[in-house]
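Participant: The structure is given below, and queries will be raised subsequently.
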Amino acid sequence: MEKEAIIRFERVTKIYDGQVVLDDISFDIERGKFYTLLGPSGCGKTTILRLIAGFTEPTEGTIYFHGKPVNHIPANKRQVNTVFQDYALFPHLNVFENVAFGLRIKKKKQAEIREKVMEALRFVNLEGYENRSVQEMSGGQRQRVAIARAIVNEPEVLLLDEPLSALDLKLRTEMQYELRELQRRLGITFIFVTHDQEEALAMSDQIFVLNKGKIQQSGTPKEIYDEPVNRFVADFIGESNILRGVMLKDYLVEFAGKRFMCVDKGFRPNEPVDVVIRPEDLQITTRAQGKLQVRVDSQLFRGVHYELCCYDEDGNEWLVHSTKKAEVGEEIGLYFDPEAIHVMRISEEDGEKIDEN
Ligand SMILES: Nc1ncnc2c1ncn2[C@@H]1O[C@H](COP(=O)(O)OP(=O)(O)OP(=O)(O)O)[C@@H](O)[C@H]1O
C-alpha cells in the first residue's frame, strides 16, 4: 500500500522578479520521517520551506496537505511550525514565556499552557530553566528554546532552516544527535535545511539534493553517497574521483586510457559517461599489481588515514584515502574492486559544458 503523503509538491515553480528559483519540482513528504533539503547557497532550499509554511505561494503548480490543495491557505492555518536560523526568540521574555507565546495567542487555559510548556521543555532537556532570561543562555540552549517553542504547538511538520549553523563544531555535532533523537521520540516529520553534506548524511532518513532550483536526486543517505545520479551530486556529497569515460558495453567501462570490469549496465554501447570512485575505495599496491599506475604528488596525515594526491600518466588526479603510507614522488599502483566503480549518465548541463571545451 502506498504510504500517505502529508505534503505533496506537484510541478511547483517559483519565479521571483523573472528569476526561476524553483523549476518544476515534485516530491512527497511522508509522516514521521527526517527529511533534509541539501544544496549550495541560493539553490532554493529556503524557498521550499517558505512555500510549505505558507509565507509565499507557488507561481505554478500545486502544493497539497493530506491530498487537499493549500496554495492559498495562509501560514497560520497550516499545521506547520518553523525554527529559523537566528531562532527569532523574544529577548524580553523568559524561557517559559517564549515557549508559551503561541498557546497564549490561541487563548489556551493557564493550566494547559503550564503543562504543555513544561512537557516541551522536558523534551529538549531544559527543565528547570523556565525562569531564565533567553539572553543569559548559550547558543545551544537558545536553539533548544526555539525548538520547544515550535513543538509546543504540536505541529505535524517541523521546518528547520539551518538551525545549527550559528553553533561551533562540537556543539553542532552534539545538537545533531539531539535533534535526530528528538525527531524519533516525537515521531513528527522534520524538514531540515542545510548546505553541509556531512550533516545531511548523518541525520536524514531521506535527502533531496538541490541545485539551480531542481531536485538533482532524492534518496537515503546511503543511496546518495553510493549511487549519485550525476556529477553534481557525486561532487557535492563527499570527496570523489570523477572522470569522463565510455561505457563500451554492459559491465565494461573505459577511463584513464584503460578498460575495467564494472557492475553497471543498461547504457548505450559506447555511451560517454562520468565515472566515480571514492578515495576510500582505492588501495595502494605495487605498480605491477595495480589496476592504475600513479605517482604520489603529496600526502597528508589525517589521523584515521593518509590522504594522498596522485597523478596517472594521462595527468588525471587521483585522491586516495589509505591506512598505508606512501612516499611523495613514489611510483605506486592503485587497486580497486569492480564494485568501487560507479558509472553515471552525463547530465544535460554537464554535456553542454563538454561541448564548449
Ligand atoms: N523574496 C524574494 N524576492 C526575490 N528573490 C528572492 C526572494 N527570496 C529568495 N529569492 C532568490 O531566490 C533564490 C533562492 O533563494 P533561497 O533563499 O531559497 O536559497 P537557499 O538555497 O535557501 O540559499 P541559502 O543557503 O543561501 O539560504 C536566490 O537567488 C534568492 O536571491
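Chains: A, B, ... in order of the C-alpha cells. Residues: from 1 per chain. Ligands: from 1, in order shown.
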What parts of segment 102-224 of chain A does DSSP call strand (DSSP E or B)? I'd like the answer as a list in words.

Facilitator: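 Listing strand (DSSP E or B) positions across segment 102-224 of chain A yields Ser133, Val157, Leu158, Leu159, Leu160, Asp161, Thr189, Phe190, Ile191, Phe192, Val193, Thr194, Gln206, Ile207, Phe208, Val209, Leu210, Asn211, Lys214, Ile215, Gln216, Gln217, Ser218 and Gly219 of chain A.
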
Participant: Suppose we keep C-alpha atoms; can you now write the selection as a short mmCIF file (atom, residue, chain, number, x, y, z; two decimals), in the first residue's frame?

Facilitator:
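Output file result.cif follows:
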```
data_model
loop_
_atom_site.label_atom_id
_atom_site.label_comp_id
_atom_site.auth_asym_id
_atom_site.auth_seq_id
_atom_site.Cartn_x
_atom_site.Cartn_y
_atom_site.Cartn_z
CA SER A 133 16.15 35.13 30.50
CA VAL A 157 5.64 19.07 10.42
CA LEU A 158 8.57 21.00 11.83
CA LEU A 159 10.62 23.09 9.42
CA LEU A 160 14.20 23.81 10.45
CA ASP A 161 16.14 26.36 8.41
CA THR A 189 8.07 14.96 10.35
CA PHE A 190 11.15 17.19 10.30
CA ILE A 191 12.21 19.07 7.18
CA PHE A 192 15.70 20.30 7.78
CA VAL A 193 17.69 22.67 5.57
CA THR A 194 21.46 22.59 5.38
CA GLN A 206 15.69 10.99 3.11
CA ILE A 207 17.75 13.69 1.39
CA PHE A 208 16.73 15.92 -1.50
CA VAL A 209 19.84 17.24 -3.22
CA LEU A 210 19.04 20.53 -4.93
CA ASN A 211 20.89 22.61 -7.46
CA LYS A 214 15.87 21.46 -9.41
CA ILE A 215 15.94 18.30 -7.32
CA GLN A 216 19.00 16.51 -8.60
CA GLN A 217 18.46 13.37 -6.54
CA SER A 218 16.21 12.10 -3.78
CA GLY A 219 17.22 9.12 -1.69
#
```

Participant: Mind the document's chain letters and residue numbers, and return as a PyMOL selection string the residues of segment 201-268 of chain A that DSSP labels alpha helix (DSSP H).

Facilitator: chain A and resi 201-203+221-226+231-236

Participant: Which polymer residues have any atom within 8 Å of an atom of Gly329 of chain A, counting only C-alpha atoms, with same-chain residues fewer than 2 positions away left out, as a list in words?

Facilitator: Arg295, Val296, Asp297, Ser298, Glu327 and Glu331 of chain A

Participant: What would the file look like if the residues just selected were written as a short mmCIF file (atom, residue, chain, number, x, y, z; two decimals), in the first residue's frame with N, CA and C atoms?

Facilitator:
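File written: again_32.cif
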```
data_model
loop_
_atom_site.label_atom_id
_atom_site.label_comp_id
_atom_site.auth_asym_id
_atom_site.auth_seq_id
_atom_site.Cartn_x
_atom_site.Cartn_y
_atom_site.Cartn_z
N ARG A 295 51.72 8.39 -9.70
CA ARG A 295 52.86 8.94 -8.96
C ARG A 295 52.29 9.78 -7.82
N VAL A 296 52.85 9.59 -6.61
CA VAL A 296 52.34 10.33 -5.45
C VAL A 296 52.86 11.77 -5.49
N ASP A 297 51.95 12.70 -5.52
CA ASP A 297 52.32 14.11 -5.63
C ASP A 297 52.41 14.77 -4.26
N SER A 298 51.47 14.41 -3.35
CA SER A 298 51.52 14.98 -1.99
C SER A 298 50.79 14.04 -1.06
N GLU A 327 55.41 7.39 -0.17
CA GLU A 327 56.38 8.49 -0.17
C GLU A 327 56.04 9.43 -1.31
N GLU A 331 56.38 5.89 -7.22
CA GLU A 331 55.51 5.34 -8.27
C GLU A 331 54.78 4.15 -7.66
#
```

Participant: Collect all residues with atoms no farther than 7 Å from ligand 1, counting only C-alpha atoms and all ligand atoms, and output them as an mmCIF file with N, CA and C atoms, in the first residue's frame.

Facilitator:
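Wrote pocket.cif, looks like this:
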```
data_model
loop_
_atom_site.group_PDB
_atom_site.id
_atom_site.type_symbol
_atom_site.label_atom_id
_atom_site.label_comp_id
_atom_site.auth_asym_id
_atom_site.auth_seq_id
_atom_site.Cartn_x
_atom_site.Cartn_y
_atom_site.Cartn_z
ATOM 1 N N TYR A 16 10.801 34.627 -8.903
ATOM 2 C CA TYR A 16 10.906 35.933 -8.227
ATOM 3 C C TYR A 16 11.503 36.918 -9.212
ATOM 4 N N ASP A 17 10.855 37.998 -9.474
ATOM 5 C CA ASP A 17 11.381 39.051 -10.360
ATOM 6 C C ASP A 17 11.972 38.471 -11.653
ATOM 7 N N VAL A 21 13.433 30.360 -9.470
ATOM 8 C CA VAL A 21 14.119 29.920 -8.258
ATOM 9 C C VAL A 21 13.855 28.432 -8.009
ATOM 10 N N GLY A 39 21.859 21.567 -0.455
ATOM 11 C CA GLY A 39 22.322 22.164 -1.709
ATOM 12 C C GLY A 39 23.085 23.431 -1.446
ATOM 13 N N PRO A 40 23.786 23.929 -2.464
ATOM 14 C CA PRO A 40 24.594 25.139 -2.279
ATOM 15 C C PRO A 40 23.719 26.370 -2.061
ATOM 16 N N SER A 41 24.356 27.428 -1.626
ATOM 17 C CA SER A 41 23.652 28.682 -1.358
ATOM 18 C C SER A 41 22.876 29.142 -2.601
ATOM 19 N N GLY A 42 21.625 29.536 -2.393
ATOM 20 C CA GLY A 42 20.841 30.095 -3.490
ATOM 21 C C GLY A 42 20.125 29.057 -4.340
ATOM 22 N N CYS A 43 20.179 27.773 -3.968
ATOM 23 C CA CYS A 43 19.580 26.738 -4.822
ATOM 24 C C CYS A 43 18.071 26.626 -4.622
ATOM 25 N N GLY A 44 17.527 27.300 -3.596
ATOM 26 C CA GLY A 44 16.076 27.310 -3.425
ATOM 27 C C GLY A 44 15.566 26.574 -2.191
ATOM 28 N N LYS A 45 16.463 26.198 -1.281
ATOM 29 C CA LYS A 45 16.058 25.427 -0.096
ATOM 30 C C LYS A 45 15.060 26.199 0.767
ATOM 31 N N THR A 46 15.441 27.436 1.107
ATOM 32 C CA THR A 46 14.573 28.235 1.979
ATOM 33 C C THR A 46 13.242 28.531 1.299
ATOM 34 N N THR A 47 13.291 28.696 -0.022
ATOM 35 C CA THR A 47 12.046 28.954 -0.759
ATOM 36 C C THR A 47 11.082 27.775 -0.602
ATOM 37 N N ILE A 48 11.598 26.555 -0.625
ATOM 38 C CA ILE A 48 10.722 25.382 -0.420
ATOM 39 C C ILE A 48 10.081 25.449 0.972
ATOM 40 N N HIS A 195 23.407 23.271 4.085
ATOM 41 C CA HIS A 195 24.272 23.158 2.908
ATOM 42 C C HIS A 195 25.479 22.280 3.243
#
```

Participant: For segment 335-343 of chain A, list every protein, DNA or RNA residue within 7 Å, evaluated using only C-alpha atoms, and leave out those in the same chain fewer than 4 positions away; present the list as an NGL selection string.

Facilitator: :A and (227 or 261-264 or 273-277 or 281-285 or 290-292)

Participant: Residues of the last selection are to be written out with C-alpha atoms, as a PDB file, in the first residue's frame.

Facilitator:
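Dumped to selection11.pdb:
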```pdb
ATOM      1  CA  GLU A 227      24.883   5.855  -6.137  1.00  0.00           C
ATOM      2  CA  MET A 261      35.220  -4.602 -15.420  1.00  0.00           C
ATOM      3  CA  CYS A 262      32.375  -2.922 -13.542  1.00  0.00           C
ATOM      4  CA  VAL A 263      28.937  -3.850 -12.205  1.00  0.00           C
ATOM      5  CA  ASP A 264      26.967  -1.274 -14.209  1.00  0.00           C
ATOM      6  CA  VAL A 273      29.696   8.551 -19.113  1.00  0.00           C
ATOM      7  CA  ASP A 274      31.009  10.002 -15.876  1.00  0.00           C
ATOM      8  CA  VAL A 275      32.807   7.559 -13.610  1.00  0.00           C
ATOM      9  CA  VAL A 276      33.108   7.977  -9.832  1.00  0.00           C
ATOM     10  CA  ILE A 277      35.467   6.195  -7.470  1.00  0.00           C
ATOM     11  CA  ASP A 281      37.801   2.554  -2.241  1.00  0.00           C
ATOM     12  CA  LEU A 282      41.313   2.852  -3.694  1.00  0.00           C
ATOM     13  CA  GLN A 283      44.056   0.696  -2.198  1.00  0.00           C
ATOM     14  CA  ILE A 284      47.771   1.252  -2.526  1.00  0.00           C
ATOM     15  CA  THR A 285      49.792  -1.597  -4.031  1.00  0.00           C
ATOM     16  CA  GLY A 290      47.800  -2.015  -9.536  1.00  0.00           C
ATOM     17  CA  LYS A 291      44.967  -1.513 -11.988  1.00  0.00           C
ATOM     18  CA  LEU A 292      46.198   2.039 -12.381  1.00  0.00           C
TER      19      LEU A 292
END
```

Participant: Give me the residues near Glu57 of chain A as number ranges by chain, where near means some atom within 12 Å (using only C-alpha atoms) and where sequence neighbours in that chain fewer than 3 positions away do not count.

Facilitator: A: 9, 12-16, 22, 47-54, 60-63, 69-75

Participant: Tell me, counting only C-alpha atoms, for each residue of segment 144-211 of chain A within 10 Å of segment 101-112 of chain A, which pair of atoms is nearest and how far apart they are in Å to one decimal, in rows ordered by chain and increasing number, as JSON lines.

Facilitator:
```
{"residue": "A:Arg149", "atom": "CA", "partner": "A:Gly102", "partner_atom": "CA", "distance": 7.7}
{"residue": "A:Ala150", "atom": "CA", "partner": "A:Gly102", "partner_atom": "CA", "distance": 8.6}
{"residue": "A:Val152", "atom": "CA", "partner": "A:Leu103", "partner_atom": "CA", "distance": 7.9}
{"residue": "A:Asn153", "atom": "CA", "partner": "A:Gly102", "partner_atom": "CA", "distance": 7.0}
```

Participant: Given the selection you just returned, output its residues as a file containing C-alpha atoms, formatted as an mmCIF file, in the first residue's frame.

Facilitator:
```cif
data_model
loop_
_atom_site.group_PDB
_atom_site.id
_atom_site.type_symbol
_atom_site.label_atom_id
_atom_site.label_comp_id
_atom_site.auth_asym_id
_atom_site.auth_seq_id
_atom_site.Cartn_x
_atom_site.Cartn_y
_atom_site.Cartn_z
ATOM 1 C CA ARG A 149 8.514 26.836 21.171
ATOM 2 C CA ALA A 150 7.834 25.100 17.876
ATOM 3 C CA VAL A 152 4.598 23.027 21.943
ATOM 4 C CA ASN A 153 2.067 23.718 19.178
#
```

Participant: Smallest atom-to-atom distance to Lys170 of chain A: which of A:Ser322, A:Asn241, A:Gly140, A:Gly32, using only C-alpha atoms?

Facilitator: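 Closest candidate: A:Gly140.
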